[in-house]
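Enquirer: Input query-v4.pdb, format and content: PDB, C-alpha atoms.
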MODEL        1
ATOM      1  CA  MET A  16      25.597  21.658  -0.177  1.00  0.00           C
ATOM      2  CA  SER A  17      29.055  23.238  -0.225  1.00  0.00           C
ATOM      3  CA  VAL A  18      31.938  21.894   1.835  1.00  0.00           C
ATOM      4  CA  CYS A  19      31.927  25.129   3.810  1.00  0.00           C
ATOM      5  CA  SER A  20      28.348  24.515   4.976  1.00  0.00           C
ATOM      6  CA  LEU A  21      29.181  21.039   6.301  1.00  0.00           C
ATOM      7  CA  SER A  22      29.859  20.385   9.959  1.00  0.00           C
ATOM      8  CA  ILE A  23      33.464  19.994  11.043  1.00  0.00           C
ATOM      9  CA  PRO A  24      33.158  16.156  11.415  1.00  0.00           C
ATOM     10  CA  ALA A  25      31.507  15.909   8.003  1.00  0.00           C
ATOM     11  CA  GLN A  26      34.261  17.985   6.415  1.00  0.00           C
ATOM     12  CA  ARG A  27      36.872  15.826   8.121  1.00  0.00           C
ATOM     13  CA  TYR A  28      35.132  12.671   6.892  1.00  0.00           C
ATOM     14  CA  GLN A  29      35.053  13.864   3.284  1.00  0.00           C
ATOM     15  CA  GLN A  30      38.684  14.941   3.390  1.00  0.00           C
ATOM     16  CA  LEU A  31      39.768  11.557   4.732  1.00  0.00           C
ATOM     17  CA  VAL A  32      37.773   9.613   2.131  1.00  0.00           C
ATOM     18  CA  LYS A  33      39.217  11.774  -0.661  1.00  0.00           C
ATOM     19  CA  HIS A  34      42.742  11.324   0.688  1.00  0.00           C
ATOM     20  CA  GLY A  35      42.226   7.563   1.050  1.00  0.00           C
ATOM     21  CA  MET A  36      41.063   7.300  -2.555  1.00  0.00           C
ATOM     22  CA  GLU A  37      44.139   9.206  -3.715  1.00  0.00           C
ATOM     23  CA  GLN A  38      46.375   6.830  -1.750  1.00  0.00           C
ATOM     24  CA  LEU A  39      44.519   3.841  -3.207  1.00  0.00           C
ATOM     25  CA  GLN A  40      45.076   5.121  -6.752  1.00  0.00           C
ATOM     26  CA  LYS A  41      48.804   5.350  -5.983  1.00  0.00           C
ATOM     27  CA  ASP A  42      48.798   1.759  -4.631  1.00  0.00           C
ATOM     28  CA  SER A  43      49.704   2.991  -1.153  1.00  0.00           C
ATOM     29  CA  LEU A  44      47.571   0.231   0.323  1.00  0.00           C
ATOM     30  CA  LEU A  45      48.568   0.344   3.977  1.00  0.00           C
ATOM     31  CA  GLN A  46      48.196   4.117   4.100  1.00  0.00           C
ATOM     32  CA  ALA A  47      44.847   3.996   2.295  1.00  0.00           C
ATOM     33  CA  GLU A  48      43.460   1.404   4.705  1.00  0.00           C
ATOM     34  CA  ALA A  49      44.598   3.464   7.691  1.00  0.00           C
ATOM     35  CA  THR A  50      42.975   6.573   6.220  1.00  0.00           C
ATOM     36  CA  PHE A  51      39.678   4.790   5.536  1.00  0.00           C
ATOM     37  CA  ARG A  52      39.649   3.446   9.100  1.00  0.00           C
ATOM     38  CA  GLU A  53      40.231   6.952  10.390  1.00  0.00           C
ATOM     39  CA  ALA A  54      37.219   8.087   8.364  1.00  0.00           C
ATOM     40  CA  LEU A  55      35.141   5.265   9.878  1.00  0.00           C
ATOM     41  CA  ASP A  56      36.031   6.495  13.355  1.00  0.00           C
ATOM     42  CA  VAL A  57      34.709   9.981  12.536  1.00  0.00           C
ATOM     43  CA  ASP A  58      31.142   8.687  12.115  1.00  0.00           C
ATOM     44  CA  PRO A  59      30.818   4.887  12.574  1.00  0.00           C
ATOM     45  CA  LEU A  60      27.066   4.840  11.770  1.00  0.00           C
ATOM     46  CA  LEU A  61      27.211   6.623   8.419  1.00  0.00           C
ATOM     47  CA  LYS A  62      25.614   4.561   5.609  1.00  0.00           C
ATOM     48  CA  SER A  63      28.381   5.493   3.166  1.00  0.00           C
ATOM     49  CA  ASN A  64      30.786   3.570   5.408  1.00  0.00           C
ATOM     50  CA  ALA A  65      29.601   0.460   3.565  1.00  0.00           C
ATOM     51  CA  LEU A  66      31.763   1.502   0.616  1.00  0.00           C
ATOM     52  CA  LEU A  67      34.718   2.177   2.882  1.00  0.00           C
ATOM     53  CA  TYR A  68      34.496  -1.404   4.128  1.00  0.00           C
ATOM     54  CA  GLN A  69      34.396  -2.492   0.485  1.00  0.00           C
ATOM     55  CA  TYR A  70      37.619  -0.579  -0.222  1.00  0.00           C
ATOM     56  CA  ILE A  71      39.242  -2.024   2.879  1.00  0.00           C
ATOM     57  CA  GLY A  72      38.161  -5.514   1.847  1.00  0.00           C
ATOM     58  CA  ASN A  73      39.610  -4.965  -1.636  1.00  0.00           C
ATOM     59  CA  ILE A  74      42.916  -3.932  -0.077  1.00  0.00           C
ATOM     60  CA  GLN A  75      42.948  -6.984   2.192  1.00  0.00           C
ATOM     61  CA  GLU A  76      42.253  -9.247  -0.786  1.00  0.00           C
ATOM     62  CA  ARG A  77      45.209  -7.789  -2.641  1.00  0.00           C
ATOM     63  CA  ARG A  78      47.366  -8.665   0.375  1.00  0.00           C
ATOM     64  CA  GLY A  79      46.012 -12.209   0.421  1.00  0.00           C
ATOM     65  CA  GLU A  80      44.135 -11.658   3.704  1.00  0.00           C
ATOM     66  CA  PHE A  81      40.998 -13.382   2.498  1.00  0.00           C
ATOM     67  CA  GLN A  82      39.227 -13.992   5.809  1.00  0.00           C
ATOM     68  CA  LYS A  83      39.792 -10.390   6.862  1.00  0.00           C
ATOM     69  CA  ALA A  84      38.388  -9.279   3.505  1.00  0.00           C
ATOM     70  CA  LEU A  85      35.267 -11.413   4.024  1.00  0.00           C
ATOM     71  CA  ASP A  86      34.851  -9.879   7.479  1.00  0.00           C
ATOM     72  CA  SER A  87      35.130  -6.379   5.982  1.00  0.00           C
ATOM     73  CA  TYR A  88      32.538  -7.125   3.309  1.00  0.00           C
ATOM     74  CA  LYS A  89      30.215  -8.495   5.995  1.00  0.00           C
ATOM     75  CA  LEU A  90      30.608  -5.315   8.066  1.00  0.00           C
ATOM     76  CA  GLY A  91      29.789  -3.242   5.030  1.00  0.00           C
ATOM     77  CA  LEU A  92      26.701  -5.316   4.246  1.00  0.00           C
ATOM     78  CA  ASN A  93      25.583  -5.028   7.870  1.00  0.00           C
ATOM     79  CA  ILE A  94      25.465  -1.272   7.291  1.00  0.00           C
ATOM     80  CA  SER A  95      23.858  -1.479   3.842  1.00  0.00           C
ATOM     81  CA  SER A  96      22.589  -4.877   2.762  1.00  0.00           C
ATOM     82  CA  THR A  97      21.469  -3.484  -0.604  1.00  0.00           C
ATOM     83  CA  THR A  98      24.918  -2.327  -1.781  1.00  0.00           C
ATOM     84  CA  THR A  99      25.273  -4.474  -4.892  1.00  0.00           C
ATOM     85  CA  SER A 100      28.982  -3.784  -5.365  1.00  0.00           C
ATOM     86  CA  LEU A 101      29.689  -5.251  -1.932  1.00  0.00           C
ATOM     87  CA  LEU A 102      27.714  -8.383  -2.728  1.00  0.00           C
ATOM     88  CA  LEU A 103      29.627  -8.779  -5.983  1.00  0.00           C
ATOM     89  CA  CYS A 104      32.990  -8.320  -4.254  1.00  0.00           C
ATOM     90  CA  ARG A 105      32.147 -10.938  -1.655  1.00  0.00           C
ATOM     91  CA  ALA A 106      30.740 -13.326  -4.265  1.00  0.00           C
ATOM     92  CA  ALA A 107      33.897 -12.999  -6.364  1.00  0.00           C
ATOM     93  CA  LEU A 108      36.038 -13.768  -3.321  1.00  0.00           C
ATOM     94  CA  TYR A 109      33.894 -16.791  -2.497  1.00  0.00           C
ATOM     95  CA  MET A 110      34.446 -17.952  -6.079  1.00  0.00           C
ATOM     96  CA  ARG A 111      38.181 -17.494  -5.619  1.00  0.00           C
ATOM     97  CA  LEU A 112      37.993 -19.575  -2.444  1.00  0.00           C
ATOM     98  CA  GLU A 113      35.834 -22.190  -4.241  1.00  0.00           C
ATOM     99  CA  ASN A 114      32.967 -21.640  -1.843  1.00  0.00           C
ATOM    100  CA  ARG A 115      30.400 -21.910  -4.618  1.00  0.00           C
ATOM    101  CA  GLU A 116      27.349 -22.211  -2.407  1.00  0.00           C
ATOM    102  CA  ARG A 117      27.938 -18.845  -0.767  1.00  0.00           C
ATOM    103  CA  ALA A 118      28.962 -17.262  -4.067  1.00  0.00           C
ATOM    104  CA  MET A 119      25.649 -18.442  -5.518  1.00  0.00           C
ATOM    105  CA  ALA A 120      23.752 -16.908  -2.602  1.00  0.00           C
ATOM    106  CA  ASP A 121      25.426 -13.520  -3.075  1.00  0.00           C
ATOM    107  CA  TYR A 122      24.936 -13.482  -6.845  1.00  0.00           C
ATOM    108  CA  THR A 123      21.272 -14.395  -6.366  1.00  0.00           C
ATOM    109  CA  GLU A 124      20.848 -11.607  -3.820  1.00  0.00           C
ATOM    110  CA  ALA A 125      22.473  -9.153  -6.224  1.00  0.00           C
ATOM    111  CA  LEU A 126      20.001 -10.250  -8.909  1.00  0.00           C
ATOM    112  CA  ASN A 127      17.094  -9.869  -6.497  1.00  0.00           C
ATOM    113  CA  LEU A 128      18.184  -6.241  -6.165  1.00  0.00           C
ATOM    114  CA  ASP A 129      18.829  -5.795  -9.891  1.00  0.00           C
ATOM    115  CA  PRO A 130      17.622  -8.541 -12.271  1.00  0.00           C
ATOM    116  CA  ASN A 131      19.777  -7.056 -15.050  1.00  0.00           C
ATOM    117  CA  GLN A 132      23.060  -7.175 -13.140  1.00  0.00           C
ATOM    118  CA  THR A 133      25.302  -8.619 -15.839  1.00  0.00           C
ATOM    119  CA  GLU A 134      28.202  -9.826 -13.691  1.00  0.00           C
ATOM    120  CA  ALA A 135      25.846 -11.695 -11.381  1.00  0.00           C
ATOM    121  CA  LEU A 136      23.978 -13.201 -14.344  1.00  0.00           C
ATOM    122  CA  PHE A 137      27.172 -14.506 -15.908  1.00  0.00           C
ATOM    123  CA  TYR A 138      28.603 -16.093 -12.786  1.00  0.00           C
ATOM    124  CA  ARG A 139      25.322 -17.531 -11.580  1.00  0.00           C
ATOM    125  CA  ALA A 140      24.854 -19.114 -14.999  1.00  0.00           C
ATOM    126  CA  PHE A 141      28.353 -20.547 -14.736  1.00  0.00           C
ATOM    127  CA  LEU A 142      27.630 -21.936 -11.264  1.00  0.00           C
ATOM    128  CA  TYR A 143      24.321 -23.449 -12.385  1.00  0.00           C
ATOM    129  CA  SER A 144      26.159 -25.069 -15.289  1.00  0.00           C
ATOM    130  CA  GLN A 145      28.748 -26.507 -12.900  1.00  0.00           C
ATOM    131  CA  GLN A 146      25.871 -28.002 -10.894  1.00  0.00           C
ATOM    132  CA  ARG A 147      24.455 -29.406 -14.160  1.00  0.00           C
ATOM    133  CA  ASP A 148      21.333 -27.305 -13.601  1.00  0.00           C
ATOM    134  CA  PHE A 149      21.301 -26.538 -17.307  1.00  0.00           C
ATOM    135  CA  LYS A 150      17.759 -25.176 -17.402  1.00  0.00           C
ATOM    136  CA  ARG A 151      18.481 -22.371 -14.948  1.00  0.00           C
ATOM    137  CA  ALA A 152      21.917 -21.717 -16.426  1.00  0.00           C
ATOM    138  CA  ARG A 153      20.347 -21.318 -19.869  1.00  0.00           C
ATOM    139  CA  VAL A 154      17.820 -18.794 -18.538  1.00  0.00           C
ATOM    140  CA  ASP A 155      20.599 -16.636 -17.094  1.00  0.00           C
ATOM    141  CA  TYR A 156      22.794 -16.869 -20.198  1.00  0.00           C
ATOM    142  CA  ASP A 157      19.835 -16.044 -22.474  1.00  0.00           C
ATOM    143  CA  HIS A 158      18.924 -13.047 -20.317  1.00  0.00           C
ATOM    144  CA  LEU A 159      22.513 -11.803 -20.349  1.00  0.00           C
ATOM    145  CA  ILE A 160      22.830 -12.190 -24.130  1.00  0.00           C
ATOM    146  CA  GLU A 161      19.548 -10.299 -24.536  1.00  0.00           C
ATOM    147  CA  LEU A 162      21.073  -7.453 -22.501  1.00  0.00           C
ATOM    148  CA  GLU A 163      24.485  -7.661 -24.177  1.00  0.00           C
ATOM    149  CA  PRO A 164      24.263  -9.366 -27.592  1.00  0.00           C
ATOM    150  CA  MET A 165      28.036  -9.064 -28.123  1.00  0.00           C
ATOM    151  CA  ASN A 166      28.983 -10.594 -24.759  1.00  0.00           C
ATOM    152  CA  GLU A 167      31.507 -13.180 -25.933  1.00  0.00           C
ATOM    153  CA  LYS A 168      31.840 -14.963 -22.594  1.00  0.00           C
ATOM    154  CA  ALA A 169      28.094 -15.390 -22.229  1.00  0.00           C
ATOM    155  CA  ARG A 170      27.721 -16.741 -25.772  1.00  0.00           C
ATOM    156  CA  LEU A 171      30.629 -19.116 -25.234  1.00  0.00           C
ATOM    157  CA  GLY A 172      29.244 -20.267 -21.896  1.00  0.00           C
ATOM    158  CA  LEU A 173      25.894 -21.027 -23.520  1.00  0.00           C
ATOM    159  CA  ALA A 174      27.528 -22.986 -26.350  1.00  0.00           C
ATOM    160  CA  ILE A 175      29.577 -25.072 -23.907  1.00  0.00           C
ATOM    161  CA  LEU A 176      26.456 -25.623 -21.790  1.00  0.00           C
ATOM    162  CA  ASN A 177      24.528 -26.894 -24.802  1.00  0.00           C
ATOM    163  CA  ASP A 178      27.373 -29.230 -25.708  1.00  0.00           C
ATOM    164  CA  LYS A 179      27.249 -30.688 -22.190  1.00  0.00           C
ATOM    165  CA  ASP A 180      23.446 -30.861 -22.327  1.00  0.00           C
ATOM    166  CA  ARG A 181      23.464 -33.142 -25.382  1.00  0.00           C
ATOM    167  CA  ARG A 182      22.554 -30.408 -27.820  1.00  0.00           C
ATOM    168  CA  PRO A 183      25.549 -30.823 -30.130  1.00  0.00           C
ATOM    169  CA  ARG A 184      24.001 -29.236 -33.199  1.00  0.00           C
ATOM    170  CA  GLU A 185      22.886 -26.160 -31.288  1.00  0.00           C
ATOM    171  CA  ALA A 186      26.285 -25.878 -29.597  1.00  0.00           C
ATOM    172  CA  MET A 187      28.155 -26.062 -32.889  1.00  0.00           C
ATOM    173  CA  GLU A 188      25.875 -23.511 -34.534  1.00  0.00           C
ATOM    174  CA  GLN A 189      26.514 -21.143 -31.642  1.00  0.00           C
ATOM    175  CA  MET A 190      30.268 -21.658 -31.976  1.00  0.00           C
ATOM    176  CA  ASP A 191      30.040 -20.891 -35.689  1.00  0.00           C
ATOM    177  CA  VAL A 192      28.263 -17.607 -34.919  1.00  0.00           C
ATOM    178  CA  LEU A 193      30.826 -16.739 -32.251  1.00  0.00           C
ATOM    179  CA  ILE A 194      33.715 -17.252 -34.653  1.00  0.00           C
ATOM    180  CA  GLN A 195      31.962 -15.103 -37.248  1.00  0.00           C
ATOM    181  CA  LEU A 196      31.678 -12.361 -34.619  1.00  0.00           C
ATOM    182  CA  PHE A 197      35.234 -12.748 -33.270  1.00  0.00           C
ATOM    183  CA  PRO A 198      37.310 -14.334 -36.066  1.00  0.00           C
ATOM    184  CA  LYS A 199      40.667 -13.424 -34.502  1.00  0.00           C
ATOM    185  CA  HIS A 200      40.093 -15.021 -31.088  1.00  0.00           C
ATOM    186  CA  ALA A 201      42.189 -18.179 -30.881  1.00  0.00           C
ATOM    187  CA  SER A 202      40.357 -19.428 -27.789  1.00  0.00           C
ATOM    188  CA  LEU A 203      37.157 -19.863 -29.806  1.00  0.00           C
ATOM    189  CA  TYR A 204      38.877 -22.068 -32.381  1.00  0.00           C
ATOM    190  CA  LEU A 205      40.276 -24.147 -29.520  1.00  0.00           C
ATOM    191  CA  VAL A 206      36.807 -24.685 -28.054  1.00  0.00           C
ATOM    192  CA  ARG A 207      35.248 -25.553 -31.410  1.00  0.00           C
ATOM    193  CA  GLY A 208      38.229 -27.758 -32.230  1.00  0.00           C
ATOM    194  CA  GLU A 209      37.680 -29.641 -28.961  1.00  0.00           C
ATOM    195  CA  MET A 210      34.039 -30.119 -29.895  1.00  0.00           C
ATOM    196  CA  TYR A 211      35.041 -31.542 -33.280  1.00  0.00           C
ATOM    197  CA  LEU A 212      37.612 -33.753 -31.541  1.00  0.00           C
ATOM    198  CA  SER A 213      34.975 -35.158 -29.163  1.00  0.00           C
ATOM    199  CA  ARG A 214      32.868 -36.011 -32.228  1.00  0.00           C
ATOM    200  CA  LYS A 215      35.922 -37.626 -33.916  1.00  0.00           C
ATOM    201  CA  GLN A 216      35.741 -35.117 -36.755  1.00  0.00           C
ATOM    202  CA  TYR A 217      39.498 -34.971 -36.839  1.00  0.00           C
ATOM    203  CA  GLU A 218      40.055 -32.954 -40.023  1.00  0.00           C
ATOM    204  CA  MET A 219      37.680 -30.207 -38.874  1.00  0.00           C
ATOM    205  CA  SER A 220      39.362 -30.237 -35.487  1.00  0.00           C
ATOM    206  CA  LEU A 221      42.806 -29.955 -37.066  1.00  0.00           C
ATOM    207  CA  ALA A 222      41.709 -27.000 -39.198  1.00  0.00           C
ATOM    208  CA  ASP A 223      40.554 -25.133 -36.070  1.00  0.00           C
ATOM    209  CA  PHE A 224      43.685 -25.947 -34.071  1.00  0.00           C
ATOM    210  CA  ASN A 225      45.872 -24.843 -36.992  1.00  0.00           C
ATOM    211  CA  LEU A 226      44.033 -21.522 -37.118  1.00  0.00           C
ATOM    212  CA  ALA A 227      44.483 -21.083 -33.365  1.00  0.00           C
ATOM    213  CA  VAL A 228      48.230 -21.671 -33.742  1.00  0.00           C
ATOM    214  CA  GLU A 229      48.344 -19.176 -36.607  1.00  0.00           C
ATOM    215  CA  ILE A 230      46.584 -16.503 -34.526  1.00  0.00           C
ATOM    216  CA  GLU A 231      48.514 -17.095 -31.277  1.00  0.00           C
ATOM    217  CA  PRO A 232      51.758 -18.948 -32.085  1.00  0.00           C
ATOM    218  CA  GLU A 233      53.105 -18.324 -28.577  1.00  0.00           C
ATOM    219  CA  ASN A 234      50.074 -19.742 -26.753  1.00  0.00           C
ATOM    220  CA  PRO A 235      50.952 -23.165 -25.285  1.00  0.00           C
ATOM    221  CA  ASP A 236      47.253 -24.154 -25.108  1.00  0.00           C
ATOM    222  CA  CYS A 237      47.128 -24.256 -28.911  1.00  0.00           C
ATOM    223  CA  TYR A 238      49.867 -26.867 -29.031  1.00  0.00           C
ATOM    224  CA  ILE A 239      48.421 -28.858 -26.134  1.00  0.00           C
ATOM    225  CA  SER A 240      45.098 -29.150 -27.961  1.00  0.00           C
ATOM    226  CA  ARG A 241      46.688 -30.056 -31.261  1.00  0.00           C
ATOM    227  CA  SER A 242      48.948 -32.586 -29.539  1.00  0.00           C
ATOM    228  CA  LYS A 243      45.862 -34.308 -28.083  1.00  0.00           C
ATOM    229  CA  LEU A 244      44.348 -34.425 -31.541  1.00  0.00           C
ATOM    230  CA  PHE A 245      47.471 -35.893 -33.132  1.00  0.00           C
ATOM    231  CA  LYS A 246      47.539 -38.490 -30.374  1.00  0.00           C
ATOM    232  CA  ALA A 247      43.939 -39.451 -31.185  1.00  0.00           C
ATOM    233  CA  MET A 248      44.892 -39.632 -34.859  1.00  0.00           C
ATOM    234  CA  LYS A 249      47.820 -41.968 -34.002  1.00  0.00           C
ATOM    235  CA  LYS A 250      50.307 -39.395 -35.309  1.00  0.00           C
ATOM    236  CA  LYS A 251      52.761 -39.817 -32.459  1.00  0.00           C
ATOM    237  CA  LYS A 252      55.609 -37.832 -33.992  1.00  0.00           C
ATOM    238  CA  TYR A 253      53.473 -34.729 -34.495  1.00  0.00           C
ATOM    239  CA  ALA A 254      51.878 -35.176 -31.076  1.00  0.00           C
ATOM    240  CA  ARG A 255      55.317 -35.269 -29.444  1.00  0.00           C
ATOM    241  CA  GLU A 256      56.536 -32.213 -31.365  1.00  0.00           C
ATOM    242  CA  ASP A 257      53.535 -30.142 -30.289  1.00  0.00           C
ATOM    243  CA  ALA A 258      53.854 -31.348 -26.696  1.00  0.00           C
ATOM    244  CA  GLN A 259      57.498 -30.293 -26.602  1.00  0.00           C
ATOM    245  CA  LYS A 260      56.609 -26.921 -28.117  1.00  0.00           C
ATOM    246  CA  ALA A 261      53.925 -26.375 -25.471  1.00  0.00           C
ATOM    247  CA  ILE A 262      56.387 -27.144 -22.683  1.00  0.00           C
ATOM    248  CA  ARG A 263      58.964 -24.746 -24.155  1.00  0.00           C
ATOM    249  CA  LEU A 264      56.257 -22.065 -24.072  1.00  0.00           C
ATOM    250  CA  GLY A 265      55.609 -22.707 -20.375  1.00  0.00           C
ATOM    251  CA  ALA A 266      52.999 -25.474 -20.253  1.00  0.00           C
ATOM    252  CA  ASP A 267      52.944 -27.805 -17.271  1.00  0.00           C
ATOM    253  CA  PRO A 268      54.667 -31.052 -18.369  1.00  0.00           C
ATOM    254  CA  SER A 269      52.087 -33.039 -16.378  1.00  0.00           C
ATOM    255  CA  PHE A 270      49.603 -32.656 -19.249  1.00  0.00           C
ATOM    256  CA  LEU A 271      51.634 -35.305 -21.089  1.00  0.00           C
ATOM    257  CA  VAL A 272      50.274 -38.015 -18.808  1.00  0.00           C
ATOM    258  CA  GLN A 273      46.648 -37.023 -19.287  1.00  0.00           C
TER     259      GLN A 273
ENDMDL
END
Any chance you could put this one into structure tokens?
Expert:
Amino acid sequence: MSVCSLSIPAQRYQQLVKHGMEQLQKDSLLQAEATFREALDVDPLLKSNALLYQYIGNIQERRGEFQKALDSYKLGLNISSTTTSLLLCRAALYMRLENRERAMADYTEALNLDPNQTEALFYRAFLYSQQRDFKRARVDYDHLIELEPMNEKARLGLAILNDKDRRPREAMEQMDVLIQLFPKHASLYLVRGEMYLSRKQYEMSLADFNLAVEIEPENPDCYISRSKLFKAMKKKKYAREDAQKAIRLGADPSFLVQ
């Protein structure tokens, strides 16, 4: 249907939505919100208004108005309860607010609508893992990795889960595969180094931390991890040097008392 064949209110609605999106792309947040609200007033019962409430909620989040954003997402879901993007936005905000129970509910609802929704699978697996419901977390991680074999975060989450779930051999094997897939990612060496450290395999741990430092010499986390290792090895001088380096790079000095 051409724009010319639309009714005057429908034309007005489309023009306002288009203008609001242009303002949003230019980061003119207040103007964009006002324009979207004007579009809502044109036809308050239109199902596509659900997305306008999502945009308004996104804008409110960016301003730090979290309760208003939650209210906007709720209004959008009242119009269209099956809009997955709205559920994901609200779930992500609940995660930000550490309301994990409600985040879990929204991610589960999103997966009821689409069992292959990768964002929902990842975060629900993470939440299950936090609850020490390792069986359900593993199911979600496995499903996600089946959908996206190169999903680094999912593979890492599963390895960490297995380490927590007293499957050390499986966890280490998964870390080895991850590092083969992403050999230039310092964060992976830090995780595997921590696993070696927890097993008191200090030389293996040191090799990983050294590689992490080599890859990201300006990352304070590399020096924090290596400082912890040197402390465990009773190498106080080296531990102190790495701690001081981490602080110079912006680390919180409070980690020294941990």
Enquirer: Quick check on the file I pasted: which residues fall under the PyMOL selection byres ((chain A and resi 133) around 10)? Write them as an mmCIF file with C-alpha atoms, in the frame of the given file.
Expert:
data_model
loop_
_atom_site.group_PDB
_atom_site.id
_atom_site.type_symbol
_atom_site.label_atom_id
_atom_site.label_comp_id
_atom_site.auth_asym_id
_atom_site.auth_seq_id
_atom_site.Cartn_x
_atom_site.Cartn_y
_atom_site.Cartn_z
ATOM 1 C CA LEU A 126 20.001 -10.250 -8.909
ATOM 2 C CA ASP A 129 18.829 -5.795 -9.891
ATOM 3 C CA PRO A 130 17.622 -8.541 -12.271
ATOM 4 C CA ASN A 131 19.777 -7.056 -15.050
ATOM 5 C CA GLN A 132 23.060 -7.175 -13.140
ATOM 6 C CA GLU A 134 28.202 -9.826 -13.691
ATOM 7 C CA ALA A 135 25.846 -11.695 -11.381
ATOM 8 C CA LEU A 136 23.978 -13.201 -14.344
ATOM 9 C CA PHE A 137 27.172 -14.506 -15.908
ATOM 10 C CA TYR A 138 28.603 -16.093 -12.786
ATOM 11 C CA ARG A 139 25.322 -17.531 -11.580
ATOM 12 C CA ASP A 155 20.599 -16.636 -17.094
ATOM 13 C CA TYR A 156 22.794 -16.869 -20.198
ATOM 14 C CA HIS A 158 18.924 -13.047 -20.317
ATOM 15 C CA LEU A 159 22.513 -11.803 -20.349
ATOM 16 C CA ILE A 160 22.830 -12.190 -24.130
ATOM 17 C CA LEU A 162 21.073 -7.453 -22.501
ATOM 18 C CA GLU A 163 24.485 -7.661 -24.177
ATOM 19 C CA ASN A 166 28.983 -10.594 -24.759
ATOM 20 C CA ALA A 169 28.094 -15.390 -22.229
#
Enquirer: Mind pulling up the distance from atom CA of A:Ala65 to atom CA of A:Glu113?
Expert: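 Spanning atom CA of A:Glu113 to atom CA of A:Ala65 is a straight-line distance of 24.8 Å.
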Enquirer: May I ask which of the residues A:Leu90, A:His34, A:Leu44, A:Phe245 is the closest one to A:Pro59, counting only C-alpha atoms?
Expert: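 Answer, going by the shortest atom-to-atom distance: A:Leu90.
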Enquirer: Any idea what's packed within 9 Å of A:Cys104, counting all atoms listed in the file, ignoring anything in its chain fewer than 3 positions away? Could you give it as a list in words?
Expert: Gln69, Gly72, Asn73, Tyr88, Thr99, Ser100, Leu101, Ala107, Leu108 and Tyr109 of chain A
Enquirer: To one decimal place in Å, what is the distance between atom CA of A:Ser242 and atom CA of A:Arg181?
Expert: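 Distance between the two atoms: 25.8 Å.
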Enquirer: Any idea what's packed within 7 Å of A:Phe51, counting only C-alpha atoms, ignoring anything in its chain fewer than 4 positions away? Could you give it as a list in words?
Expert: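 So, after excluding close chain neighbours, the residues are Leu31, Val32, Gly35, Ala47, Leu55 and Leu67 of chain A.
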Enquirer: What is the atom CA of A:Lys199-atom CA of A:Glu229 distance in Å, reported with one decimal?
Expert: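 Interatomic distance here is 9.8 Å.
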Enquirer: Please write stretch 59-68 of chain A of the preceding block to a file containing N, CA, C and O atoms, as an mmCIF file, in the first residue's frame?
Expert:
data_model
loop_
_atom_site.group_PDB
_atom_site.id
_atom_site.type_symbol
_atom_site.label_atom_id
_atom_site.label_comp_id
_atom_site.auth_asym_id
_atom_site.auth_seq_id
_atom_site.Cartn_x
_atom_site.Cartn_y
_atom_site.Cartn_z
ATOM 1 N N PRO A 59 -3.779 5.402 19.706
ATOM 2 C CA PRO A 59 -3.287 4.737 20.925
ATOM 3 C C PRO A 59 -3.447 3.220 20.918
ATOM 4 O O PRO A 59 -2.764 2.531 21.681
ATOM 5 N N LEU A 60 -4.323 2.659 20.085
ATOM 6 C CA LEU A 60 -4.605 1.224 20.126
ATOM 7 C C LEU A 60 -3.831 0.426 19.081
ATOM 8 O O LEU A 60 -3.971 -0.792 19.008
ATOM 9 N N LEU A 61 -3.005 1.092 18.305
ATOM 10 C CA LEU A 61 -2.270 0.416 17.240
ATOM 11 C C LEU A 61 -1.263 -0.569 17.827
ATOM 12 O O LEU A 61 -0.517 -0.238 18.747
ATOM 13 N N LYS A 62 -1.202 -1.805 17.280
ATOM 14 C CA LYS A 62 -0.312 -2.827 17.824
ATOM 15 C C LYS A 62 1.159 -2.439 17.685
ATOM 16 O O LYS A 62 1.988 -2.772 18.541
ATOM 17 N N SER A 63 1.498 -1.719 16.645
ATOM 18 C CA SER A 63 2.890 -1.306 16.438
ATOM 19 C C SER A 63 3.366 -0.323 17.491
ATOM 20 O O SER A 63 4.571 -0.059 17.603
ATOM 21 N N ASN A 64 2.440 0.208 18.292
ATOM 22 C CA ASN A 64 2.836 1.097 19.392
ATOM 23 C C ASN A 64 3.721 0.377 20.417
ATOM 24 O O ASN A 64 4.441 1.029 21.168
ATOM 25 N N ALA A 65 3.647 -0.944 20.429
ATOM 26 C CA ALA A 65 4.496 -1.702 21.361
ATOM 27 C C ALA A 65 5.963 -1.346 21.150
ATOM 28 O O ALA A 65 6.720 -1.165 22.115
ATOM 29 N N LEU A 66 6.371 -1.225 19.878
ATOM 30 C CA LEU A 66 7.761 -0.878 19.594
ATOM 31 C C LEU A 66 8.074 0.562 19.967
ATOM 32 O O LEU A 66 9.200 0.875 20.367
ATOM 33 N N LEU A 67 7.081 1.429 19.857
ATOM 34 C CA LEU A 67 7.314 2.820 20.264
ATOM 35 C C LEU A 67 7.569 2.889 21.772
ATOM 36 O O LEU A 67 8.444 3.640 22.217
ATOM 37 N N TYR A 68 6.835 2.102 22.533
ATOM 38 C CA TYR A 68 7.101 2.054 23.978
ATOM 39 C C TYR A 68 8.490 1.474 24.258
ATOM 40 O O TYR A 68 9.161 1.867 25.220
#
